[in-house]
Structures are given as C-alpha cells and as structure tokens.
$ cat structure_30.tsv   # TSV, C-alpha atoms and all ligand atoms
chain	number	residue	atom	x	y	z
B	1	VAL	CA	12.23	-10.02	23.64
B	2	VAL	CA	8.75	-10.21	22.21
B	3	ASP	CA	5.31	-10.22	23.88
B	4	PRO	CA	2.60	-12.79	23.01
B	5	ALA	CA	1.21	-10.44	20.34
B	6	GLY	CA	4.57	-10.40	18.55
B	7	ARG	CA	5.52	-6.88	19.63
B	8	ILE	CA	8.99	-5.92	20.73
B	9	LEU	CA	9.41	-5.49	24.49
B	10	PHE	CA	13.14	-5.11	24.63
B	11	VAL	CA	16.16	-4.97	22.30
B	12	GLY	CA	19.68	-5.03	23.70
B	13	ALA	CA	22.07	-6.92	25.95
B	14	TRP	CA	20.40	-9.65	28.02
B	15	THR	CA	22.00	-8.23	31.16
B	16	ASP	CA	20.12	-4.95	30.57
B	17	CYS	CA	16.75	-6.64	30.02
B	18	PRO	CA	14.23	-5.67	32.73
B	19	THR	CA	13.40	-8.78	34.79
B	20	GLN	CA	9.67	-8.58	34.14
B	21	PHE	CA	10.33	-9.20	30.40
B	22	LYS	CA	12.67	-12.16	30.85
B	23	LYS	CA	9.85	-14.69	30.86
B	24	TRP	CA	8.78	-13.81	27.28
B	25	ARG	CA	9.97	-15.20	23.97
B	26	GLN	CA	13.53	-14.17	23.26
B	27	THR	CA	15.67	-14.45	20.14
B	28	ARG	CA	19.46	-14.41	20.53
B	29	LEU	CA	21.00	-12.29	17.85
B	30	GLN	CA	24.46	-11.83	19.24
B	31	GLY	CA	27.09	-11.42	16.56
B	32	ARG	CA	24.56	-11.43	13.75
B	33	ARG	CA	23.29	-8.56	11.62
B	34	VAL	CA	19.67	-7.57	12.05
B	35	PHE	CA	17.48	-5.18	10.10
B	36	PRO	CA	13.72	-4.65	9.63
B	37	ALA	CA	11.95	-7.11	7.34
B	38	PHE	CA	11.32	-5.89	3.82
B	39	ILE	CA	8.00	-4.26	2.97
B	40	GLU	CA	6.96	-4.54	-0.67
B	41	CYS	CA	4.53	-1.65	-1.05
B	42	HIS	CA	3.38	-1.75	-4.70
B	43	THR	CA	2.42	-4.88	-6.63
B	44	HIS	CA	-0.28	-6.10	-8.98
B	45	SER	CA	0.20	-9.75	-7.96
B	46	VAL	CA	-3.30	-11.06	-8.66
B	47	PHE	CA	-3.82	-11.73	-12.37
B	48	ALA	CA	-4.08	-14.50	-14.93
B	49	GLY	CA	-2.26	-14.79	-18.24
B	50	GLU	CA	1.12	-13.61	-19.46
B	51	ARG	CA	2.02	-10.79	-21.86
B	52	ALA	CA	5.38	-11.93	-23.18
B	53	SER	CA	4.31	-11.31	-26.78
B	54	GLU	CA	3.73	-7.64	-25.95
B	55	PHE	CA	7.25	-7.45	-24.64
B	56	GLU	CA	8.44	-8.63	-28.05
B	57	GLU	CA	6.31	-5.97	-29.69
B	58	ARG	CA	7.73	-3.26	-27.46
B	59	LEU	CA	11.23	-4.42	-28.35
B	60	SER	CA	10.34	-3.94	-32.00
B	61	GLY	CA	9.44	-0.31	-31.29
B	62	ILE	CA	5.72	-0.28	-30.49
B	63	SER	CA	5.11	1.71	-27.30
B	64	TYR	CA	3.29	0.64	-24.12
B	65	ALA	CA	0.73	3.41	-24.77
B	66	GLU	CA	0.13	2.26	-28.38
B	67	ILE	CA	-0.42	-1.35	-27.29
B	68	ALA	CA	-2.87	-0.14	-24.63
B	69	ALA	CA	-4.72	2.12	-27.10
B	70	ARG	CA	-5.52	-0.82	-29.37
B	71	GLY	CA	-6.97	-2.90	-26.54
B	72	GLY	CA	-3.89	-4.83	-25.47
B	73	GLY	CA	-1.94	-4.13	-22.31
B	74	ILE	CA	-3.99	-3.95	-19.13
B	75	LEU	CA	-7.20	-4.91	-21.00
B	76	SER	CA	-5.65	-8.12	-22.29
B	77	THR	CA	-4.88	-9.16	-18.70
B	78	VAL	CA	-8.43	-8.12	-17.74
B	79	LYS	CA	-9.84	-10.63	-20.24
B	80	ASN	CA	-7.78	-13.49	-18.82
B	81	THR	CA	-8.38	-12.51	-15.21
B	82	ARG	CA	-12.16	-12.24	-15.56
B	83	ARG	CA	-12.24	-15.75	-17.02
B	84	ALA	CA	-10.11	-17.28	-14.25
B	85	SER	CA	-11.85	-18.92	-11.30
B	86	GLU	CA	-11.23	-17.83	-7.74
B	87	GLY	CA	-9.44	-21.11	-7.05
B	88	GLU	CA	-7.11	-20.76	-10.01
B	89	LEU	CA	-6.29	-17.16	-9.14
B	90	LEU	CA	-5.64	-18.09	-5.53
B	91	ARG	CA	-3.25	-20.84	-6.56
B	92	ARG	CA	-1.31	-18.60	-8.95
B	93	THR	CA	-1.21	-15.65	-6.59
B	94	GLN	CA	-0.18	-17.73	-3.58
B	95	SER	CA	2.91	-18.98	-5.38
B	96	ARG	CA	3.87	-15.37	-6.22
B	97	VAL	CA	3.32	-14.35	-2.62
B	98	ASP	CA	5.52	-17.27	-1.49
B	99	GLU	CA	8.24	-15.91	-3.75
B	100	PHE	CA	8.11	-12.51	-2.03
B	101	PHE	CA	8.12	-14.19	1.40
B	102	ARG	CA	11.21	-16.18	0.43
B	103	GLN	CA	12.97	-12.89	-0.30
B	104	GLY	CA	12.37	-11.53	3.22
B	105	VAL	CA	9.14	-9.62	2.58
B	106	ALA	CA	6.98	-9.67	5.73
B	107	THR	CA	4.37	-7.19	4.47
B	108	LEU	CA	3.10	-7.11	0.91
B	109	GLU	CA	0.75	-4.72	-0.85
B	110	ILE	CA	-1.43	-6.17	-3.61
B	111	LYS	CA	-3.71	-4.18	-5.90
B	112	SER	CA	-6.82	-5.41	-7.61
B	113	GLY	CA	-7.49	-3.78	-10.98
B	114	TYR	CA	-7.43	-6.55	-13.57
B	115	ALA	CA	-11.18	-7.18	-13.50
B	116	LEU	CA	-12.85	-3.77	-13.67
B	117	ASP	CA	-16.36	-4.93	-12.87
B	118	LEU	CA	-18.11	-5.44	-9.54
B	119	LYS	CA	-18.28	-9.22	-9.53
B	120	ASN	CA	-14.72	-9.84	-10.62
B	121	GLU	CA	-13.04	-7.06	-8.65
B	122	LEU	CA	-14.67	-8.55	-5.55
B	123	LYS	CA	-13.33	-11.93	-6.67
B	124	LEU	CA	-9.78	-10.52	-6.77
B	125	LEU	CA	-10.10	-8.88	-3.36
B	126	LYS	CA	-11.45	-12.12	-1.89
B	127	VAL	CA	-8.47	-13.98	-3.32
B	128	ILE	CA	-6.17	-11.39	-1.72
B	129	LYS	CA	-7.88	-11.95	1.62
B	130	LYS	CA	-7.20	-15.69	1.52
B	131	LEU	CA	-3.45	-15.49	0.90
B	132	LYS	CA	-1.08	-16.94	3.47
B	133	GLY	CA	2.42	-15.93	4.53
B	134	PRO	CA	3.25	-12.25	4.66
B	135	SER	CA	0.81	-9.74	6.04
B	136	ILE	CA	-1.12	-8.46	3.02
B	137	VAL	CA	-2.30	-4.88	2.41
B	138	PRO	CA	-5.04	-4.88	-0.26
B	139	THR	CA	-5.65	-1.88	-2.52
B	140	PHE	CA	-8.62	-1.31	-4.82
B	141	LEU	CA	-7.38	-0.28	-8.28
B	142	GLY	CA	-10.68	-0.36	-10.15
B	143	ALA	CA	-9.55	2.89	-11.81
B	144	HIS	CA	-6.82	1.11	-13.76
B	145	ALA	CA	-8.23	1.29	-17.30
B	146	LEU	CA	-11.56	1.82	-19.05
B	147	PRO	CA	-13.39	-1.53	-19.32
B	148	PRO	CA	-15.06	-2.37	-22.66
B	149	GLU	CA	-18.57	-2.03	-21.15
B	150	PHE	CA	-18.19	1.72	-20.65
B	151	SER	CA	-18.11	4.47	-23.25
B	152	SER	CA	-16.51	7.12	-21.07
B	153	TYR	CA	-14.17	7.41	-18.11
B	154	GLU	CA	-16.72	9.68	-16.35
B	155	LEU	CA	-19.43	7.01	-16.46
B	156	TYR	CA	-17.03	4.35	-15.27
B	157	VAL	CA	-15.86	6.50	-12.35
B	158	ASP	CA	-19.49	7.06	-11.35
B	159	TYR	CA	-19.97	3.29	-11.41
B	160	LEU	CA	-16.92	2.76	-9.20
B	161	LEU	CA	-18.13	5.39	-6.74
B	162	THR	CA	-21.70	4.24	-6.49
B	163	GLU	CA	-21.57	0.47	-7.12
B	164	ILE	CA	-18.20	-0.72	-5.91
B	165	LEU	CA	-16.64	1.50	-3.24
B	166	PRO	CA	-19.57	1.32	-0.79
B	167	ARG	CA	-19.48	-2.49	-0.98
B	168	LEU	CA	-15.76	-2.61	-0.34
B	169	ARG	CA	-16.28	-0.68	2.87
B	170	LYS	CA	-19.17	-2.81	3.97
B	171	GLN	CA	-17.32	-6.07	3.29
B	172	LYS	CA	-14.01	-4.64	4.58
B	173	LEU	CA	-12.21	-5.83	1.47
B	174	ALA	CA	-9.92	-2.82	1.05
B	175	GLN	CA	-9.05	0.34	2.91
B	176	ARG	CA	-7.03	1.95	0.11
B	177	VAL	CA	-7.96	3.23	-3.34
B	178	ASP	CA	-5.49	3.70	-6.20
B	179	ILE	CA	-5.90	5.21	-9.70
B	180	PHE	CA	-3.84	5.30	-12.89
B	181	ILE	CA	-3.68	9.03	-13.74
B	182	GLU	CA	-2.01	9.14	-17.15
B	183	HIS	CA	-2.49	10.43	-20.69
B	184	GLY	CA	-4.76	7.96	-22.43
B	185	PHE	CA	-6.12	6.72	-19.09
B	186	PHE	CA	-7.74	8.70	-16.23
B	187	ASP	CA	-7.07	12.43	-16.39
B	188	ARG	CA	-6.13	14.56	-13.41
B	189	HIS	CA	-9.51	16.29	-13.01
B	190	LEU	CA	-11.52	13.12	-13.02
B	191	GLY	CA	-8.86	11.49	-10.86
B	192	GLU	CA	-9.12	14.22	-8.27
B	193	ARG	CA	-12.90	13.99	-8.17
B	194	TYR	CA	-12.74	10.22	-7.75
B	195	LEU	CA	-10.14	10.26	-5.00
B	196	ARG	CA	-11.87	13.06	-3.06
B	197	GLN	CA	-15.08	11.06	-3.00
B	198	ALA	CA	-13.17	7.93	-2.03
B	199	GLN	CA	-11.74	9.89	0.90
B	200	THR	CA	-15.21	11.05	1.85
B	201	LEU	CA	-16.22	7.39	1.97
B	202	GLY	CA	-13.31	6.77	4.36
B	203	PHE	CA	-10.62	5.32	2.10
B	204	ASP	CA	-6.91	6.17	2.07
B	205	VAL	CA	-5.73	7.11	-1.39
B	206	VAL	CA	-2.62	6.51	-3.50
B	207	VAL	CA	-1.88	7.43	-7.11
B	208	HIS	CA	-0.03	5.94	-10.11
B	209	ALA	CA	1.46	9.29	-11.05
B	210	ASN	CA	3.67	10.87	-13.73
B	211	GLN	CA	4.89	7.56	-15.14
B	212	LEU	CA	4.68	8.05	-18.89
B	213	ALA	CA	4.23	11.85	-19.01
B	214	PRO	CA	3.80	14.84	-16.68
B	215	SER	CA	0.13	13.92	-16.25
B	216	GLY	CA	-0.65	15.77	-13.01
B	217	GLY	CA	-0.98	12.77	-10.72
B	218	VAL	CA	1.68	13.98	-8.31
B	219	ASP	CA	-0.06	17.36	-7.88
B	220	VAL	CA	-3.38	15.63	-7.22
B	221	GLY	CA	-1.79	13.21	-4.76
B	222	VAL	CA	-0.05	15.92	-2.77
B	223	ARG	CA	-3.16	18.12	-2.73
B	224	LEU	CA	-5.24	15.27	-1.33
B	225	GLY	CA	-2.67	14.07	1.17
B	226	ALA	CA	-2.27	10.71	-0.59
B	227	LEU	CA	-0.23	8.14	1.33
B	228	SER	CA	1.96	7.72	-1.73
B	229	VAL	CA	2.44	8.77	-5.31
B	230	ASP	CA	3.99	5.99	-7.34
B	231	HIS	CA	6.42	6.00	-10.33
B	232	VAL	CA	7.12	9.80	-10.14
B	233	ILE	CA	9.32	10.00	-13.23
B	234	HIS	CA	8.14	13.11	-15.04
B	235	VAL	CA	8.37	15.65	-12.24
B	236	GLY	CA	9.93	19.11	-12.02
B	237	LYS	CA	11.08	21.38	-9.25
B	238	SER	CA	7.58	22.41	-8.17
B	239	GLN	CA	6.32	18.82	-7.76
B	240	ILE	CA	9.48	17.84	-5.88
B	241	GLU	CA	9.15	20.81	-3.52
B	242	ALA	CA	5.48	20.12	-2.96
B	243	LEU	CA	6.26	16.49	-2.16
B	244	ALA	CA	9.01	17.52	0.24
B	245	ARG	CA	6.56	19.71	2.17
B	246	SER	CA	4.01	16.89	2.36
B	247	ASN	CA	3.80	13.56	4.16
B	248	THR	CA	3.24	11.75	0.86
B	249	VAL	CA	5.83	9.07	0.08
B	250	ALA	CA	7.28	8.79	-3.44
B	251	VAL	CA	7.28	5.10	-4.37
B	252	LEU	CA	9.82	4.48	-7.12
B	253	LEU	CA	9.48	1.43	-9.37
B	254	PRO	CA	12.68	0.98	-11.39
B	255	LEU	CA	11.85	-2.51	-12.73
B	256	ALA	CA	8.98	-0.98	-14.74
B	257	ASP	CA	11.38	1.65	-16.05
B	258	LEU	CA	13.82	-1.07	-17.05
B	259	TYR	CA	11.16	-3.09	-18.89
B	260	LEU	CA	9.53	-0.05	-20.54
B	261	LYS	CA	12.90	1.52	-21.31
B	262	CYS	CA	11.71	4.70	-19.57
B	263	ALA	CA	13.85	7.24	-17.83
B	264	TYR	CA	14.48	6.39	-14.18
B	265	PRO	CA	12.89	8.67	-11.58
B	266	PRO	CA	15.01	11.51	-10.16
B	267	ALA	CA	15.65	9.75	-6.85
B	268	ARG	CA	18.66	11.87	-5.95
B	269	LYS	CA	16.76	15.13	-6.41
B	270	LEU	CA	13.79	13.79	-4.47
B	271	ILE	CA	15.86	12.57	-1.54
B	272	ASP	CA	18.08	15.66	-1.43
B	273	ALA	CA	14.96	17.84	-1.35
B	274	GLY	CA	13.71	15.89	1.67
B	275	VAL	CA	11.11	13.64	0.02
B	276	ARG	CA	10.61	10.22	1.61
B	277	VAL	CA	11.42	7.68	-1.08
B	278	ALA	CA	10.29	4.04	-1.05
B	279	LEU	CA	11.08	1.32	-3.58
B	280	ALA	CA	8.95	-1.55	-4.88
B	281	THR	CA	8.86	-4.05	-7.74
B	282	ASP	CA	5.51	-3.00	-9.30
B	283	PHE	CA	5.24	-6.71	-10.12
B	284	ASN	CA	2.61	-7.14	-12.89
B	285	PRO	CA	2.34	-9.06	-16.18
B	286	GLY	CA	2.90	-5.98	-18.37
B	287	SER	CA	5.34	-3.31	-17.33
B	288	SER	CA	7.18	-5.32	-14.68
B	289	PRO	CA	7.02	-9.11	-15.00
B	290	SER	CA	9.59	-9.56	-12.23
B	291	GLN	CA	9.40	-9.98	-8.47
B	292	ASP	CA	13.07	-9.30	-7.92
B	293	VAL	CA	13.45	-7.20	-4.75
B	294	MET	CA	17.25	-7.29	-4.91
B	295	LEU	CA	17.31	-6.14	-8.54
B	296	THR	CA	14.93	-3.30	-7.65
B	297	GLY	CA	17.37	-1.97	-5.06
B	298	LEU	CA	20.32	-2.71	-7.30
B	299	LEU	CA	18.83	-0.55	-10.06
B	300	ALA	CA	18.23	2.22	-7.52
B	301	ARG	CA	21.94	2.06	-6.67
B	302	LEU	CA	23.19	1.67	-10.22
B	303	GLU	CA	20.87	3.97	-12.12
B	304	MET	CA	19.31	6.35	-9.60
B	305	GLY	CA	22.23	7.31	-7.39
B	306	MET	CA	20.72	5.90	-4.21
B	307	THR	CA	23.08	4.79	-1.46
B	308	LEU	CA	22.77	1.38	0.20
B	309	PRO	CA	21.34	2.85	3.46
B	310	GLU	CA	18.80	4.80	1.39
B	311	VAL	CA	17.77	1.59	-0.36
B	312	PHE	CA	17.32	-0.24	2.95
B	313	ARG	CA	15.26	2.67	4.31
B	314	ALA	CA	13.21	2.72	1.10
B	315	TYR	CA	12.36	-0.99	1.50
B	316	THR	CA	11.58	-0.76	5.24
B	317	THR	CA	10.83	2.52	7.04
B	318	HIS	CA	9.54	4.49	4.05
B	319	ALA	CA	7.61	1.56	2.59
B	320	ALA	CA	5.87	1.23	5.99
B	321	MET	CA	4.88	4.90	5.75
B	322	ALA	CA	3.57	4.41	2.22
B	323	LEU	CA	1.28	1.69	3.61
B	324	ASN	CA	0.37	3.67	6.74
B	325	ARG	CA	1.88	0.85	8.79
B	326	HIS	CA	4.75	2.83	10.28
B	327	ARG	CA	3.31	2.71	13.79
B	328	ASP	CA	3.56	-1.08	13.68
B	329	GLU	CA	6.38	-1.86	11.26
B	330	GLY	CA	9.37	-0.58	9.35
B	331	THR	CA	11.87	-0.20	12.18
B	332	ILE	CA	13.06	-2.38	15.06
B	333	GLU	CA	11.67	-0.53	18.06
B	334	VAL	CA	9.93	-1.29	21.32
B	335	GLY	CA	6.18	-1.49	20.71
B	336	LYS	CA	6.41	-2.39	17.02
B	337	LEU	CA	5.95	-5.86	15.55
B	338	ALA	CA	9.08	-8.01	15.69
B	339	ASN	CA	9.39	-8.31	11.91
B	340	PHE	CA	13.05	-8.55	11.12
B	341	ILE	CA	15.73	-10.22	9.06
B	342	CYS	CA	18.75	-11.80	10.62
B	343	THR	CA	21.89	-12.64	8.65
B	344	ASP	CA	25.58	-13.48	8.91
B	345	GLU	CA	26.28	-11.80	5.57
B	346	PRO	CA	27.53	-8.21	5.34
B	347	LEU	CA	24.79	-5.69	4.52
B	348	SER	CA	26.73	-4.83	1.34
B	349	ALA	CA	25.78	-8.28	0.01
B	350	PHE	CA	22.14	-7.11	-0.22
B	351	PHE	CA	20.82	-5.25	-3.27
B	352	TYR	CA	23.99	-6.37	-5.04
B	353	SER	CA	23.41	-9.64	-6.85
B	354	ALA	CA	20.33	-9.59	-9.11
B	355	GLY	CA	18.00	-12.47	-8.30
B	356	ARG	CA	19.86	-13.55	-5.18
B	357	VAL	CA	18.92	-12.65	-1.63
B	358	PRO	CA	21.85	-13.46	0.69
B	359	GLU	CA	21.30	-16.24	3.26
B	360	HIS	CA	19.02	-14.92	5.97
B	361	GLU	CA	16.24	-15.76	8.39
B	362	LEU	CA	12.96	-13.87	8.34
B	363	PHE	CA	11.17	-13.34	11.65
B	364	VAL	CA	7.53	-12.30	11.63
B	365	ALA	CA	6.01	-11.17	14.94
B	366	GLY	CA	9.03	-12.65	16.67
B	367	ARG	CA	8.72	-16.09	15.13
B	368	LEU	CA	10.98	-17.64	12.54
B	369	ALA	CA	8.96	-17.73	9.33
B	370	SER	CA	8.92	-21.13	7.74
B	371	ARG	CA	9.56	-21.09	4.02
K	1	LIG	O1	2.23	0.25	-12.50
K	1	LIG	N1	0.57	1.72	-14.88
K	1	LIG	C1	-0.35	1.01	-14.55
K	1	LIG	N2	-0.23	-0.14	-13.95
K	1	LIG	C2	0.93	-0.95	-14.02
K	1	LIG	C3	1.03	-1.64	-15.31
K	1	LIG	C4	-0.07	-2.56	-15.47
K	1	LIG	C5	0.00	-3.39	-16.70
K	1	LIG	O2	0.67	-3.05	-17.69
K	1	LIG	O3	-0.65	-4.44	-16.67
K	1	LIG	C6	2.17	-0.20	-13.64
K	1	LIG	O4	3.12	-0.04	-14.42
K	2	FE	FE	1.76	-0.24	-10.68
$ encode --input "structure_30.tsv" --output "structure tokens" --more "lines below"
Ligand code: NIG
Ligand code: FE
Amino acid sequence: VVDPAGRILFVGAWTDCPTQFKKWRQTRLQGRRVFPAFIECHTHSVFAGERASEFEERLSGISYAEIAARGGGILSTVKNTRRASEGELLRRTQSRVDEFFRQGVATLEIKSGYALDLKNELKLLKVIKKLKGPSIVPTFLGAHALPPEFSSYELYVDYLLTEILPRLRKQKLAQRVDIFIEHGFFDRHLGERYLRQAQTLGFDVVVHANQLAPSGGVDVGVRLGALSVDHVIHVGKSQIEALARSNTVAVLLPLADLYLKCAYPPARKLIDAGVRVALATDFNPGSSPSQDVMLTGLLARLEMGMTLPEVFRAYTTHAAMALNRHRDEGTIEVGKLANFICTDEPLSAFFYSAGRVPEHELFVAGRLASR
C-alpha cells in the first residue's frame, strides 16, 4: 500500500493491513516475486559520437592510455559533444535512458564530463535535467580530462573551482562532483585539493579511482568520505581495509574491464573484508559502449566470484548508498519510495542471460511504469 507521494505505507498480507491505510493505492503481489528496482549508479550517458575505431585500435594492441595521450579517447568525444546542439544531445540521451528504464532501472546516475568548458558542461547538465523516465542523479565530471585550452591540470582545476562549481550550486544543476584520478590524468594531490574545495562549496564527492594503475584515488576518496570510489581494480590490503572501515561504497564496473581487457576488481576480497560493493555499467562511448545491466551482473558472477544475492544487493541497496539515496530507495520498506520490480520468473533467471532481462513489471513510486 502506497501513499499519494509514492511511499510505502504497508507491505504484507491484506488481512494484516491497518484499516487507516486500506483506502490508499494498493498493488496485489500475491504469488509473484518482488525486489527493489535497479539503481544504475555510474554512467556517462550524455555524449555525441562513437569511438568504434578506437576499439579496433585497442584490439590491435594500442592501449587506452596511449590513445588518450595522443588526443583520442575522452577528448575525441569532447570534440563531438561540444559541437552537438542541446536538442540533439537530448534526443540521443533520452533513447539511452529509455533503454535503462526498459531494463528495470528506476534511478539512474549520469555524469557530465564530455564538454570541459563552462558553456558546454552547463549544456550537458541542462540536458540531464530534461530527461524523462527514471529518476536521474546528475554528477559534474568536469575533471575528466585536460581540455585543449589549458596548459596544465592545475590551471584547469582552478577554472573548475572558480568558474564552474559556484554556478552549478546557484543553478542547482548538480549536487555531486566526480574526478578521474589516474596516471596521465589528474593526480592524487591535485585531486584531493579539488575535492576538498568542492566539499567546502557543499558538494558530495565521488572518485574514478585505481582503474588503470594504483593511482591513489581510493586513498583520497576514503580520506574525504567520498560517497563512492569507482572501478577499484588496483588496490591492496591497506586500501581494502580502509574502505571497510569507511562508509564509502566501492562501485565496480566490469563492462569497462571487459572492453579494456583489464583485470577485474577483487570483489570477493572487498566483500569478505566488509566493503559495500555496488555494480554499474559505466556506460560511455570509450571504455564501456554497453548498457547491459544483466551482463554487468553476469560478469560479476562469472569473473568476480559474486553470488546472486550479492549482485542484487549491489544493484539495489548498495547502489542507493553510493547515490546517497538509501533513505528513500534501495530496499522495500515502509517509508521508502515504492520502486520495485515484480516478476513471475525465478530470481536465478536474472543476471544470467546477457542482453536479456526476464519478463517483469517496473513500479516507480507505486505506479506501473509505462515503457
Ligand atoms: O569510467 N575513466 C574515465 N571515464 C570513463 C571512460 C571515459 C571514456 O573513455 O570516454 C570510465 O571508464
Ligand atoms: Fe566512468
């Protein structure tokens, strides 16, 4: 039973439902399986242009880092995205968002970061604001790469701090700030300075951390109380222990590891140490040109030793924590939003068949979502 705001008033047998709730919207779920709607907590869904030719190059042995160093990679998407109009970007992004919705995603995180200048980053965040369907959590990823207009990362970070972040707060375009801390991109010291100042301005912070090398992003994230550190591949005992003692969620992105032929993150070690692990697609035109939620969980089961319940938790409860939405979403509980998936299929049919979400119905705030 759900109140007019879409929050759960009661879950259980109708005979046990307190009479004062019986007048509100009810959904009969008897005999069906129900679990929280999926939360996709790390994507770069707003961009223009494809990078399939780079994929070919990587297959012939050229690395992601090499392609980036000679101006390809993220910067090639930046060129295409700056040129694209708001209308075109909205159209492209909406169809990607529809694809997530179709897979049972009720809440979707989307990062900016393919524009890297004031005017165009604002354009991306405005596009994100106009999207329909799932509830969208925008993240500012201006610190994604060094744009051609700047000669040093330090100068660019100063520009982000003084020219862009204050406007984002004023226009309420994003509440979260992300950074790519990696060799050949932003280093840990500059990253820490940037994120601390972002926190001072009132933003929540998250970090792309330890993806290609042990670049220090996890340490920075834990030290600052980041909501999440994402990728988390090159980590040792001390990072894992620090994460376990913190409230920071480790967001693992196995599709990017598949496409980049990287090692998979040590999910088993993280979980056994007590770290909260979430999963996401990392959908983007470079390292993860796929939106496949089921394949993401399947890889976690096949390659990372995660159990099916751990995968479900990673895509619901822990993803909600990574987005700081766990008071409202991520479990089916009185007081939270009635975002849930209802199915006649066994739960073992999920995260099993790549590219195929079993038959299901998605409810958002207690209402059947139309697809
Ligand atoms: O999460 N690592 C940085 N960002 C993305 C890749 C972006 C791109 O290649 O366009 C990632 O893998
Ligand atoms: Fe990413």
$ atom_distance --input "structure_30.tsv" --atom1 "CA of Val218 in chain B" --atom2 "CA of Tyr194 in chain B"
14.9 Å
$ residues_near_ligand --input "structure_30.tsv" --ligand "ligand FE 2 (chain K)" --cutoff "7 Å" --atoms "all atoms listed in the file" --output "list in words"
His42, Thr43, His44, His208 and Asp282 of chain B
$ write_last_selection --input "structure_30.tsv" --atoms "C-alpha atoms" --output "PDB file, in the coordinates of the input"
ATOM      1  CA  HIS B  42       3.380  -1.750  -4.700  1.00  0.00           C
ATOM      2  CA  THR B  43       2.420  -4.880  -6.630  1.00  0.00           C
ATOM      3  CA  HIS B  44      -0.280  -6.100  -8.980  1.00  0.00           C
ATOM      4  CA  HIS B 208      -0.030   5.940 -10.110  1.00  0.00           C
ATOM      5  CA  ASP B 282       5.510  -3.000  -9.300  1.00  0.00           C
TER       6      ASP B 282
END
$ residues_near_ligand --input "structure_30.tsv" --ligand "ligand LIG 1 (chain K)" --cutoff "7 Å" --atoms "only C-alpha atoms and all ligand atoms" --output "list in words"
Gly73, Ile74, Thr77, His144, Phe180, His208, Ala256, Asp282, Asn284, Pro285, Gly286, Ser287 and Ser288 of chain B
$ residues_around --input "structure_30.tsv" --residues "Ser246 in chain B" --least-positions-apart "2" --cutoff "10 Å" --atoms "all atoms listed in the file" --output "tab-separated table (two decimals) with C-alpha atoms, in the coordinates of the input"
chain	number	residue	atom	x	y	z
B	221	GLY	CA	-1.79	13.21	-4.76
B	222	VAL	CA	-0.05	15.92	-2.77
B	223	ARG	CA	-3.16	18.12	-2.73
B	225	GLY	CA	-2.67	14.07	1.17
B	226	ALA	CA	-2.27	10.71	-0.59
B	227	LEU	CA	-0.23	8.14	1.33
B	240	ILE	CA	9.48	17.84	-5.88
B	241	GLU	CA	9.15	20.81	-3.52
B	242	ALA	CA	5.48	20.12	-2.96
B	243	LEU	CA	6.26	16.49	-2.16
B	244	ALA	CA	9.01	17.52	0.24
B	248	THR	CA	3.24	11.75	0.86
B	249	VAL	CA	5.83	9.07	0.08
B	274	GLY	CA	13.71	15.89	1.67
B	275	VAL	CA	11.11	13.64	0.02
B	276	ARG	CA	10.61	10.22	1.61
$ closest_atom_pairs --input "structure_30.tsv" --of "range 79-157 of chain B" --to "range 46-49 of chain B" --cutoff "6 Å" --atoms "all atoms listed in the file" --output "Markdown table"
| residue | atom | partner | partner_atom | distance |
| --- | --- | --- | --- | --- |
| B:Asn80 | CA | B:Ala48 | CA | 5.5 |
| B:Thr81 | CA | B:Ala48 | CA | 4.7 |
| B:Thr93 | CA | B:Val46 | CA | 5.5 |
$ atom_distance --input "structure_30.tsv" --atom1 "CA of Gln197 in chain B" --atom2 "CA of Ala322 in chain B"
20.5 Å
$ atom_distance --input "structure_30.tsv" --atom1 "CA of Ser151 in chain B" --atom2 "CA of Phe185 in chain B"
12.9 Å
$ closest_residue --input "structure_30.tsv" --among "B:Glu154, B:Asp98, B:Glu56, B:Glu40" --to "Leu323 in chain B" --atoms "all atoms listed in the file"
B:Glu40
$ residues_around --input "structure_30.tsv" --residues "range 212-216 of chain B" --least-positions-apart "2" --cutoff "6 Å" --atoms "all atoms listed in the file" --output "PyMOL selection string"
chain B and resi 182+188+210+218-219+234
$ decode --input "structure_30.tsv" --residues "range 1-5 of chain B" --atoms "all heavy atoms" --output "PDB file, in the first residue's frame"
ATOM      1  N   VAL B   1       0.863  -1.181   0.000  1.00  0.00           N
ATOM      2  CA  VAL B   1       0.000   0.000   0.000  1.00  0.00           C
ATOM      3  C   VAL B   1       0.903   1.236   0.000  1.00  0.00           C
ATOM      4  O   VAL B   1       1.883   1.298   0.741  1.00  0.00           O
ATOM      5  CB  VAL B   1      -0.921   0.009   1.243  1.00  0.00           C
ATOM      6  CG1 VAL B   1      -1.828   1.217   1.218  1.00  0.00           C
ATOM      7  CG2 VAL B   1      -1.722  -1.279   1.299  1.00  0.00           C
ATOM      8  N   VAL B   2       0.510   2.183  -0.858  1.00  0.00           N
ATOM      9  CA  VAL B   2       1.390   3.320  -1.120  1.00  0.00           C
ATOM     10  C   VAL B   2       0.629   4.624  -0.887  1.00  0.00           C
ATOM     11  O   VAL B   2      -0.528   4.736  -1.267  1.00  0.00           O
ATOM     12  CB  VAL B   2       1.882   3.236  -2.582  1.00  0.00           C
ATOM     13  CG1 VAL B   2       2.580   4.502  -3.021  1.00  0.00           C
ATOM     14  CG2 VAL B   2       2.810   2.045  -2.770  1.00  0.00           C
ATOM     15  N   ASP B   3       1.276   5.613  -0.277  1.00  0.00           N
ATOM     16  CA  ASP B   3       0.604   6.904  -0.040  1.00  0.00           C
ATOM     17  C   ASP B   3       0.647   7.767  -1.309  1.00  0.00           C
ATOM     18  O   ASP B   3       1.288   7.381  -2.293  1.00  0.00           O
ATOM     19  CB  ASP B   3       1.214   7.604   1.193  1.00  0.00           C
ATOM     20  CG  ASP B   3       2.583   8.214   0.912  1.00  0.00           C
ATOM     21  OD1 ASP B   3       3.009   8.276  -0.270  1.00  0.00           O
ATOM     22  OD2 ASP B   3       3.247   8.625   1.870  1.00  0.00           O
ATOM     23  N   PRO B   4      -0.020   8.915  -1.318  1.00  0.00           N
ATOM     24  CA  PRO B   4      -0.083   9.710  -2.560  1.00  0.00           C
ATOM     25  C   PRO B   4       1.290  10.177  -3.039  1.00  0.00           C
ATOM     26  O   PRO B   4       1.464  10.489  -4.213  1.00  0.00           O
ATOM     27  CB  PRO B   4      -0.956  10.909  -2.159  1.00  0.00           C
ATOM     28  CG  PRO B   4      -1.756  10.438  -0.999  1.00  0.00           C
ATOM     29  CD  PRO B   4      -0.894   9.473  -0.259  1.00  0.00           C
ATOM     30  N   ALA B   5       2.281  10.212  -2.152  1.00  0.00           N
ATOM     31  CA  ALA B   5       3.623  10.617  -2.575  1.00  0.00           C
ATOM     32  C   ALA B   5       4.436   9.440  -3.097  1.00  0.00           C
ATOM     33  O   ALA B   5       5.611   9.593  -3.448  1.00  0.00           O
ATOM     34  CB  ALA B   5       4.353  11.273  -1.403  1.00  0.00           C
TER      35      ALA B   5
END
